[in-house]
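The next block is model.pdb, given as PDB, C-alpha atoms.
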```pdb
ATOM      1  CA  MET A   1      24.945  18.330 -35.865
ATOM      2  CA  LEU A   2      21.614  19.437 -37.300
ATOM      3  CA  ALA A   3      21.282  22.044 -34.540
ATOM      4  CA  GLY A   4      24.739  23.372 -35.371
ATOM      5  CA  TYR A   5      23.930  23.476 -39.071
ATOM      6  CA  LEU A   6      20.661  25.365 -38.509
ATOM      7  CA  VAL A   7      22.330  27.881 -36.193
ATOM      8  CA  GLY A   8      24.968  28.528 -38.862
ATOM      9  CA  TYR A   9      22.462  28.591 -41.722
ATOM     10  CA  PHE A  10      20.273  31.202 -40.034
ATOM     11  CA  LYS A  11      23.379  33.108 -38.873
ATOM     12  CA  LEU A  12      22.475  32.949 -35.178
ATOM     13  CA  LEU A  13      26.197  32.810 -34.452
ATOM     14  CA  PRO A  14      29.006  34.636 -36.285
ATOM     15  CA  THR A  15      31.045  32.741 -38.877
ATOM     16  CA  SER A  16      33.956  32.653 -36.414
ATOM     17  CA  GLY A  17      31.813  30.574 -34.024
ATOM     18  CA  SER A  18      32.740  27.289 -35.712
ATOM     19  CA  THR A  19      36.459  27.984 -35.430
ATOM     20  CA  ILE A  20      36.294  28.971 -31.759
ATOM     21  CA  LEU A  21      34.097  26.021 -30.774
ATOM     22  CA  SER A  22      36.276  23.605 -32.750
ATOM     23  CA  GLN A  23      39.356  24.921 -30.949
ATOM     24  CA  PHE A  24      37.643  24.386 -27.593
ATOM     25  CA  VAL A  25      36.790  20.813 -28.578
ATOM     26  CA  TYR A  26      40.283  19.999 -29.874
ATOM     27  CA  ILE A  27      42.423  21.898 -27.345
ATOM     28  CA  ILE A  28      40.354  21.576 -24.152
ATOM     29  CA  ALA A  29      37.463  19.082 -24.143
ATOM     30  CA  LEU A  30      38.985  16.159 -26.092
ATOM     31  CA  PRO A  31      42.371  16.262 -24.280
ATOM     32  CA  ALA A  32      40.521  16.399 -20.939
ATOM     33  CA  LEU A  33      38.496  13.351 -21.986
ATOM     34  CA  ALA A  34      41.575  11.476 -23.240
ATOM     35  CA  PHE A  35      43.537  12.164 -20.054
ATOM     36  CA  ILE A  36      40.896  11.256 -17.499
ATOM     37  CA  LYS A  37      39.685   8.117 -19.286
ATOM     38  CA  LEU A  38      43.134   6.726 -20.127
ATOM     39  CA  SER A  39      44.324   7.379 -16.575
ATOM     40  CA  GLN A  40      41.658   4.925 -15.421
ATOM     41  CA  VAL A  41      42.347   1.992 -17.774
ATOM     42  CA  PRO A  42      45.255  -0.500 -17.937
ATOM     43  CA  VAL A  43      48.023   0.514 -20.362
ATOM     44  CA  ASP A  44      47.821  -2.883 -22.076
ATOM     45  CA  ALA A  45      44.300  -2.040 -23.210
ATOM     46  CA  PHE A  46      45.690   0.819 -25.317
ATOM     47  CA  PHE A  47      48.524  -1.135 -26.956
ATOM     48  CA  ASN A  48      46.334  -3.763 -28.610
ATOM     49  CA  TRP A  49      48.627  -4.447 -31.543
ATOM     50  CA  PRO A  50      46.214  -6.359 -33.817
ATOM     51  CA  PHE A  51      43.707  -3.497 -33.507
ATOM     52  CA  LEU A  52      46.436  -0.883 -34.038
ATOM     53  CA  ILE A  53      47.639  -2.661 -37.173
ATOM     54  CA  VAL A  54      44.106  -3.098 -38.522
ATOM     55  CA  ILE A  55      43.084   0.525 -38.131
ATOM     56  CA  GLY A  56      46.483   1.937 -39.132
ATOM     57  CA  GLY A  57      46.868  -0.546 -41.989
ATOM     58  CA  GLY A  58      43.460   0.392 -43.379
ATOM     59  CA  MET A  59      44.465   4.048 -43.348
ATOM     60  CA  LEU A  60      47.865   3.365 -44.946
ATOM     61  CA  LEU A  61      46.503   1.138 -47.725
ATOM     62  CA  THR A  62      43.762   3.649 -48.519
ATOM     63  CA  PHE A  63      46.264   6.520 -48.531
ATOM     64  CA  CYS A  64      48.682   4.722 -50.873
ATOM     65  CA  PHE A  65      45.896   3.501 -53.158
ATOM     66  CA  SER A  66      44.456   7.007 -53.427
ATOM     67  CA  LEU A  67      47.902   8.504 -54.054
ATOM     68  CA  VAL A  68      48.367   6.193 -57.046
ATOM     69  CA  ILE A  69      44.861   6.934 -58.384
ATOM     70  CA  ALA A  70      45.487  10.681 -58.036
ATOM     71  CA  TYR A  71      48.757  10.389 -59.962
ATOM     72  CA  PHE A  72      47.194   8.599 -62.941
ATOM     73  CA  PHE A  73      43.657   9.983 -63.102
ATOM     74  CA  PHE A  74      43.745  13.418 -61.435
ATOM     75  CA  PRO A  75      47.038  14.892 -62.646
ATOM     76  CA  THR A  76      48.398  17.832 -60.673
ATOM     77  CA  HIS A  77      51.429  18.408 -58.423
ATOM     78  CA  LEU A  78      52.477  16.298 -55.452
ATOM     79  CA  THR A  79      50.777  18.705 -53.044
ATOM     80  CA  GLY A  80      47.424  18.072 -54.709
ATOM     81  CA  HIS A  81      48.045  14.334 -54.757
ATOM     82  CA  ALA A  82      48.895  14.286 -51.029
ATOM     83  CA  LEU A  83      45.755  16.237 -50.112
ATOM     84  CA  HIS A  84      43.708  13.985 -52.408
ATOM     85  CA  ALA A  85      45.021  10.892 -50.591
ATOM     86  CA  LEU A  86      44.517  12.494 -47.176
ATOM     87  CA  SER A  87      40.896  13.346 -48.044
ATOM     88  CA  ALA A  88      40.298   9.696 -48.931
ATOM     89  CA  MET A  89      41.410   8.255 -45.579
ATOM     90  CA  TYR A  90      41.277  10.997 -42.928
ATOM     91  CA  SER A  91      38.264  10.154 -40.780
ATOM     92  CA  SER A  92      36.437  12.676 -38.630
ATOM     93  CA  THR A  93      37.295  10.625 -35.555
ATOM     94  CA  GLY A  94      37.513  13.464 -33.067
ATOM     95  CA  TYR A  95      34.367  15.349 -34.046
ATOM     96  CA  ILE A  96      31.991  12.585 -35.174
ATOM     97  CA  GLY A  97      33.501   9.144 -34.617
ATOM     98  CA  LEU A  98      34.323   9.284 -30.924
ATOM     99  CA  PRO A  99      30.938  10.772 -29.944
ATOM    100  CA  ILE A 100      29.144   8.038 -31.907
ATOM    101  CA  ILE A 101      31.318   5.315 -30.371
ATOM    102  CA  PHE A 102      30.533   6.686 -26.919
ATOM    103  CA  LEU A 103      26.808   6.735 -27.634
ATOM    104  CA  VAL A 104      26.803   3.185 -29.026
ATOM    105  CA  PHE A 105      29.358   1.359 -26.872
ATOM    106  CA  GLY A 106      29.614   3.536 -23.768
ATOM    107  CA  GLU A 107      32.782   3.712 -21.672
ATOM    108  CA  SER A 108      34.142   0.431 -23.077
ATOM    109  CA  GLY A 109      34.475   1.940 -26.538
ATOM    110  CA  PHE A 110      36.626   4.889 -25.505
ATOM    111  CA  VAL A 111      40.113   3.341 -25.711
ATOM    112  CA  PRO A 112      39.784   1.912 -29.249
ATOM    113  CA  GLY A 113      38.015   5.125 -30.228
ATOM    114  CA  ILE A 114      40.817   7.415 -29.062
ATOM    115  CA  ILE A 115      43.409   5.192 -30.768
ATOM    116  CA  GLY A 116      41.927   6.127 -34.141
ATOM    117  CA  ALA A 117      42.129   9.829 -33.337
ATOM    118  CA  VAL A 118      45.744   9.559 -32.191
ATOM    119  CA  ILE A 119      46.950   7.569 -35.223
ATOM    120  CA  THR A 120      45.175   9.814 -37.713
ATOM    121  CA  GLY A 121      46.588  13.030 -36.302
ATOM    122  CA  ALA A 122      50.028  11.810 -35.229
ATOM    123  CA  VAL A 123      50.928   9.659 -38.259
ATOM    124  CA  PHE A 124      49.008  10.515 -41.410
ATOM    125  CA  MET A 125      48.737  14.267 -41.115
ATOM    126  CA  PRO A 126      52.558  14.483 -40.783
ATOM    127  CA  LEU A 127      52.945  12.048 -43.688
ATOM    128  CA  ALA A 128      50.906  14.337 -45.943
ATOM    129  CA  ILE A 129      52.858  17.367 -44.727
ATOM    130  CA  ILE A 130      56.161  15.676 -45.563
ATOM    131  CA  LEU A 131      54.983  15.036 -49.133
ATOM    132  CA  ILE A 132      53.719  18.598 -49.478
ATOM    133  CA  GLU A 133      56.919  20.123 -48.126
ATOM    134  CA  ALA A 134      58.987  17.906 -50.446
ATOM    135  CA  ASP A 135      56.928  19.259 -53.338
ATOM    136  CA  LYS A 136      57.225  22.859 -52.166
ATOM    137  CA  SER A 137      60.995  22.623 -51.678
ATOM    138  CA  GLY A 138      61.479  21.593 -55.291
ATOM    139  CA  GLY A 139      64.662  19.766 -54.378
ATOM    140  CA  GLY A 140      66.119  22.907 -52.845
ATOM    141  CA  GLY A 141      67.255  21.217 -49.657
ATOM    142  CA  LYS A 142      64.593  22.810 -47.457
ATOM    143  CA  VAL A 143      62.733  19.640 -46.574
ATOM    144  CA  ALA A 144      64.675  18.751 -43.398
ATOM    145  CA  PRO A 145      63.928  22.005 -41.502
ATOM    146  CA  CYS A 146      60.250  21.744 -42.464
ATOM    147  CA  ILE A 147      60.094  18.151 -41.247
ATOM    148  CA  LYS A 148      61.724  19.133 -37.935
ATOM    149  CA  ALA A 149      59.193  21.933 -37.466
ATOM    150  CA  MET A 150      56.368  19.549 -38.338
ATOM    151  CA  LEU A 151      57.583  16.926 -35.858
ATOM    152  CA  ALA A 152      57.812  19.604 -33.166
ATOM    153  CA  SER A 153      54.226  20.583 -33.968
ATOM    154  CA  VAL A 154      53.074  16.962 -33.684
ATOM    155  CA  LEU A 155      54.740  16.597 -30.289
ATOM    156  CA  LYS A 156      52.812  19.682 -29.134
ATOM    157  CA  ASN A 157      49.498  18.144 -30.202
ATOM    158  CA  PRO A 158      47.165  18.476 -27.172
ATOM    159  CA  VAL A 159      45.442  15.130 -27.776
ATOM    160  CA  LEU A 160      48.791  13.343 -28.074
ATOM    161  CA  ILE A 161      50.092  15.014 -24.891
ATOM    162  CA  ALA A 162      46.902  14.173 -22.971
ATOM    163  CA  THR A 163      47.083  10.564 -24.186
ATOM    164  CA  ALA A 164      50.703  10.212 -23.052
ATOM    165  CA  LEU A 165      49.967  11.773 -19.645
ATOM    166  CA  GLY A 166      46.896   9.578 -19.132
ATOM    167  CA  LEU A 167      48.888   6.430 -19.938
ATOM    168  CA  LEU A 168      51.675   7.606 -17.610
ATOM    169  CA  VAL A 169      49.252   8.091 -14.719
ATOM    170  CA  SER A 170      47.757   4.657 -15.387
ATOM    171  CA  SER A 171      51.124   2.886 -15.674
ATOM    172  CA  GLN A 172      52.331   4.387 -12.390
ATOM    173  CA  SER A 173      49.024   3.638 -10.606
ATOM    174  CA  ILE A 174      48.735   7.271  -9.545
ATOM    175  CA  GLN A 175      45.503   8.039  -7.708
ATOM    176  CA  LEU A 176      44.154  11.430  -8.784
ATOM    177  CA  ALA A 177      42.443  13.567  -6.142
ATOM    178  CA  ASP A 178      38.648  13.732  -6.374
ATOM    179  CA  PRO A 179      38.572  17.488  -7.250
ATOM    180  CA  VAL A 180      41.023  16.829 -10.112
ATOM    181  CA  VAL A 181      38.866  14.008 -11.454
ATOM    182  CA  THR A 182      35.743  16.170 -11.156
ATOM    183  CA  PHE A 183      37.456  19.044 -12.999
ATOM    184  CA  PHE A 184      38.457  16.886 -15.966
ATOM    185  CA  GLU A 185      35.095  15.123 -16.062
ATOM    186  CA  LEU A 186      33.291  18.479 -16.230
ATOM    187  CA  LEU A 187      35.423  19.558 -19.196
ATOM    188  CA  SER A 188      35.182  16.190 -20.932
ATOM    189  CA  GLY A 189      31.394  16.202 -20.506
ATOM    190  CA  ALA A 190      31.244  19.091 -22.972
ATOM    191  CA  TYR A 191      33.038  17.071 -25.651
ATOM    192  CA  ILE A 192      30.219  15.133 -27.338
ATOM    193  CA  PRO A 193      27.631  17.957 -27.707
ATOM    194  CA  CYS A 194      30.237  20.578 -28.633
ATOM    195  CA  ALA A 195      31.986  18.326 -31.174
ATOM    196  CA  LEU A 196      28.784  17.424 -33.004
ATOM    197  CA  PHE A 197      27.474  20.992 -32.841
ATOM    198  CA  ALA A 198      30.798  22.364 -34.167
ATOM    199  CA  ALA A 199      30.727  19.887 -37.065
ATOM    200  CA  GLY A 200      27.247  21.042 -38.091
ATOM    201  CA  LEU A 201      28.230  24.697 -37.703
ATOM    202  CA  PHE A 202      31.271  24.167 -39.934
ATOM    203  CA  ILE A 203      29.246  22.433 -42.649
ATOM    204  CA  SER A 204      26.788  25.348 -42.800
ATOM    205  CA  SER A 205      29.595  27.653 -43.933
ATOM    206  CA  CYS A 206      30.994  25.346 -46.629
ATOM    207  CA  SER A 207      30.122  25.199 -50.307
ATOM    208  CA  VAL A 208      29.912  22.165 -52.566
ATOM    209  CA  ASN A 209      31.860  23.200 -55.640
ATOM    210  CA  GLY A 210      34.912  22.066 -57.553
ATOM    211  CA  GLU A 211      35.830  19.065 -59.695
ATOM    212  CA  THR A 212      32.695  16.954 -59.328
ATOM    213  CA  THR A 213      34.296  13.745 -60.641
ATOM    214  CA  GLU A 214      37.167  13.893 -58.175
ATOM    215  CA  ILE A 215      34.875  14.882 -55.304
ATOM    216  CA  ALA A 216      32.489  12.005 -56.048
ATOM    217  CA  TRP A 217      35.396   9.568 -56.264
ATOM    218  CA  LEU A 218      36.873  10.710 -52.942
ATOM    219  CA  VAL A 219      33.509  10.422 -51.182
ATOM    220  CA  PHE A 220      33.138   6.906 -52.633
ATOM    221  CA  VAL A 221      36.589   5.891 -51.384
ATOM    222  CA  LYS A 222      36.077   7.436 -47.949
ATOM    223  CA  LEU A 223      32.662   5.929 -47.253
ATOM    224  CA  LEU A 224      33.034   2.575 -49.010
ATOM    225  CA  ILE A 225      36.580   1.585 -50.044
ATOM    226  CA  HIS A 226      38.257   2.610 -46.791
ATOM    227  CA  PRO A 227      35.855   0.623 -44.559
ATOM    228  CA  LEU A 228      36.007  -2.360 -46.941
ATOM    229  CA  ILE A 229      39.811  -2.457 -46.709
ATOM    230  CA  THR A 230      39.681  -2.113 -42.935
ATOM    231  CA  GLY A 231      36.947  -4.745 -42.683
ATOM    232  CA  TRP A 232      39.040  -7.169 -44.747
ATOM    233  CA  LEU A 233      41.992  -6.654 -42.396
ATOM    234  CA  ALA A 234      39.795  -6.952 -39.298
ATOM    235  CA  TYR A 235      37.715  -9.993 -40.220
ATOM    236  CA  GLU A 236      39.839 -11.949 -42.693
ATOM    237  CA  PHE A 237      43.440 -11.157 -41.816
ATOM    238  CA  PHE A 238      43.563 -10.546 -38.053
ATOM    239  CA  ASN A 239      40.256 -12.137 -36.996
ATOM    240  CA  LEU A 240      39.313  -9.340 -34.631
ATOM    241  CA  GLU A 241      36.182 -10.136 -32.703
ATOM    242  CA  GLY A 242      33.275  -8.264 -31.165
ATOM    243  CA  MET A 243      33.475  -4.575 -30.426
ATOM    244  CA  LEU A 244      37.011  -4.023 -31.752
ATOM    245  CA  SER A 245      36.214  -5.133 -35.295
ATOM    246  CA  THR A 246      33.039  -3.034 -35.304
ATOM    247  CA  ILE A 247      34.821   0.088 -34.072
ATOM    248  CA  ALA A 248      37.651  -0.379 -36.594
ATOM    249  CA  VAL A 249      35.213  -0.534 -39.524
ATOM    250  CA  LEU A 250      33.072   2.242 -38.074
ATOM    251  CA  GLN A 251      36.026   4.621 -37.799
ATOM    252  CA  ALA A 252      37.066   3.851 -41.358
ATOM    253  CA  ALA A 253      33.514   4.560 -42.568
ATOM    254  CA  LEU A 254      33.434   8.037 -41.010
ATOM    255  CA  PRO A 255      33.253  11.104 -43.261
ATOM    256  CA  CYS A 256      36.318  13.161 -44.124
ATOM    257  CA  GLY A 257      37.642  15.216 -41.211
ATOM    258  CA  VAL A 258      37.850  19.000 -40.939
ATOM    259  CA  PRO A 259      41.673  19.046 -40.436
ATOM    260  CA  VAL A 260      42.073  18.163 -44.130
ATOM    261  CA  PHE A 261      40.364  21.429 -45.051
ATOM    262  CA  VAL A 262      42.514  23.322 -42.519
ATOM    263  CA  LEU A 263      45.691  21.888 -44.064
ATOM    264  CA  ALA A 264      44.485  22.629 -47.600
ATOM    265  CA  GLN A 265      43.675  26.180 -46.564
ATOM    266  CA  HIS A 266      47.141  26.584 -45.071
ATOM    267  CA  TYR A 267      48.831  25.534 -48.326
ATOM    268  CA  LYS A 268      46.232  27.286 -50.522
ATOM    269  CA  THR A 269      45.692  24.090 -52.524
ATOM    270  CA  PHE A 270      42.717  21.706 -52.804
ATOM    271  CA  VAL A 271      40.649  24.045 -50.620
ATOM    272  CA  VAL A 272      37.329  23.926 -52.466
ATOM    273  CA  ARG A 273      37.541  20.201 -53.178
ATOM    274  CA  SER A 274      38.425  19.261 -49.600
ATOM    275  CA  SER A 275      35.567  21.394 -48.306
ATOM    276  CA  ALA A 276      33.142  19.723 -50.708
ATOM    277  CA  VAL A 277      34.354  16.225 -49.771
ATOM    278  CA  ILE A 278      33.799  17.000 -46.080
ATOM    279  CA  VAL A 279      30.277  18.325 -46.652
ATOM    280  CA  VAL A 280      29.094  15.599 -49.047
ATOM    281  CA  SER A 281      30.673  12.706 -47.124
ATOM    282  CA  THR A 282      29.229  13.997 -43.840
ATOM    283  CA  LEU A 283      25.712  14.307 -45.246
ATOM    284  CA  LEU A 284      25.828  10.868 -46.883
ATOM    285  CA  SER A 285      27.347   9.307 -43.773
ATOM    286  CA  LEU A 286      24.163  10.027 -41.847
ATOM    287  CA  ALA A 287      22.608   7.204 -43.859
ATOM    288  CA  SER A 288      25.689   5.023 -44.392
ATOM    289  CA  LEU A 289      26.761   5.011 -40.727
ATOM    290  CA  SER A 290      23.228   4.265 -39.562
ATOM    291  CA  THR A 291      23.030   1.335 -41.982
ATOM    292  CA  LEU A 292      26.465   0.096 -40.935
ATOM    293  CA  LEU A 293      25.567   0.208 -37.252
ATOM    294  CA  ILE A 294      22.408  -1.811 -37.907
ATOM    295  CA  PHE A 295      24.450  -4.613 -39.508
ATOM    296  CA  LEU A 296      27.437  -4.544 -37.158
ATOM    297  CA  THR A 297      25.849  -4.085 -33.709
TER     298      THR A 297
END
```

Take the structure in the file and write it out as structure tokens.
Amino acid sequence: MLAGYLVGYFKLLPTSGSTILSQFVYIIALPALAFIKLSQVPVDAFFNWPFLIVIGGGMLLTFCFSLVIAYFFFPTHLTGHALHALSAMYSSTGYIGLPIIFLVFGESGFVPGIIGAVITGAVFMPLAIILIEADKSGGGGKVAPCIKAMLASVLKNPVLIATALGLLVSSQSIQLADPVVTFFELLSGAYIPCALFAAGLFISSCSVNGETTEIAWLVFVKLLIHPLITGWLAYEFFNLEGMLSTIAVLQAALPCGVPVFVLAQHYKTFVVRSSAVIVVSTLLSLASLSTLLIFLT
């Protein structure tokens, strides 16, 4: 990440470099990793319902809590409230979380790690889009077509498709040919360095401006409240043990993800604030994640 930031800061790559590298990570490297790893593990390992409920429940409770706080303390329209709530719970699982989980837990951490990426992108991004489109329609009856288009977009998500195909191969006990395995392993090997480098490159082009009170609050929720809620669910409510509880809390404690900024940019709302939340939460997470790992592992 630091290498990516320095390359961007000294303009050794064009400003479009972050976008292109991020697209490679999200469209090529991460789907290749998801497919080849999930094709080699039992399907039951993916559908661990207590873990799914813990990580998804932590996201949902944080989203709803932040939506209420935005309504009462940061008055704006529903679009702003939805992006506020998304910024509070959308973890950078794909670009930062999964690489860290791999480095700490190795191959055994991949399945719970990819679950977080799938839930975040397939459930909560569409949820925010539904709220935004409802706000934009203004009761004009245009919500249904927008939701259909959004659902179609979700179904075309490369990570979701790769996950489904990997689970299909595993469930049918299909043996992939060695050249196929080698091909996907070569692509997936680029995931960790490219993801971290792309994150640093993106941060170098962002500014930290906007409503400082709201930005500070969102960073506080993302790095502290979200993992506390998830930790409560993991340790007190579902009694998850070992690696699963650690990964659940770790994913909740990740900084805000870049897709929030992309969505804000698309709707031309909350752009500066989402960018600032990503930058500040990422910089602070260098210390907070390190501290968390010391206590949890």

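In terms of minimum interatomic distance to Pro31 in chain A, A:Tyr191 ranks closest within A:Tyr191, A:Phe261, A:Phe197, A:Tyr71, counting all atoms listed in the file.
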
Checklist line | Explicit residues for the PyMOL selection byres ((chain A and resi 200) around 9) (as a list in words) | finding: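 Answer for the PyMOL selection byres ((chain A and resi 200) around 9): Met1, Leu2, Ala3, Gly4, Tyr5, Leu6, Val7, Gly8, Ser18, Ala195, Leu196, Phe197, Ala198, Ala199, Leu201, Phe202, Ile203 and Ser204 of chain A.
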
Check: Quick one: of A:Leu240, A:Val249, A:Leu167, A:Ile53, who's nearest to Phe35 in chain A, counting only C-alpha atoms?
Finding: A:Leu167

Check: Near Leu292 in chain A, within 10 Å and counting only C-alpha atoms, which residues show up once chain neighbours fewer than 6 positions away are dropped, as an MDAnalysis selection string?
Finding: chainID A and resid 246 249:250 253 285

Write the residues of the selection above to a file with C-alpha atoms, as an mmCIF file, keeping the file's coordinate frame.
```
data_model
loop_
_atom_site.group_PDB
_atom_site.id
_atom_site.type_symbol
_atom_site.label_atom_id
_atom_site.label_comp_id
_atom_site.auth_asym_id
_atom_site.auth_seq_id
_atom_site.Cartn_x
_atom_site.Cartn_y
_atom_site.Cartn_z
ATOM 1 C CA THR A 246 33.039 -3.034 -35.304
ATOM 2 C CA VAL A 249 35.213 -0.534 -39.524
ATOM 3 C CA LEU A 250 33.072 2.242 -38.074
ATOM 4 C CA ALA A 253 33.514 4.560 -42.568
ATOM 5 C CA SER A 285 27.347 9.307 -43.773
#
```

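The coordinates place CA of Arg273 in chain A at 6.8 Å from CA of Glu211 in chain A.
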
Notebook entry, point to check: Restricting the calculation to all atoms listed in the file, which member of A:Leu67, A:Leu103, A:Leu33, A:Ile27 is positioned closest to Gly80 in chain A?
Noted result: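 When distances to Gly80 in chain A are compared using all atoms listed in the file, the smallest one comes from A:Leu67.
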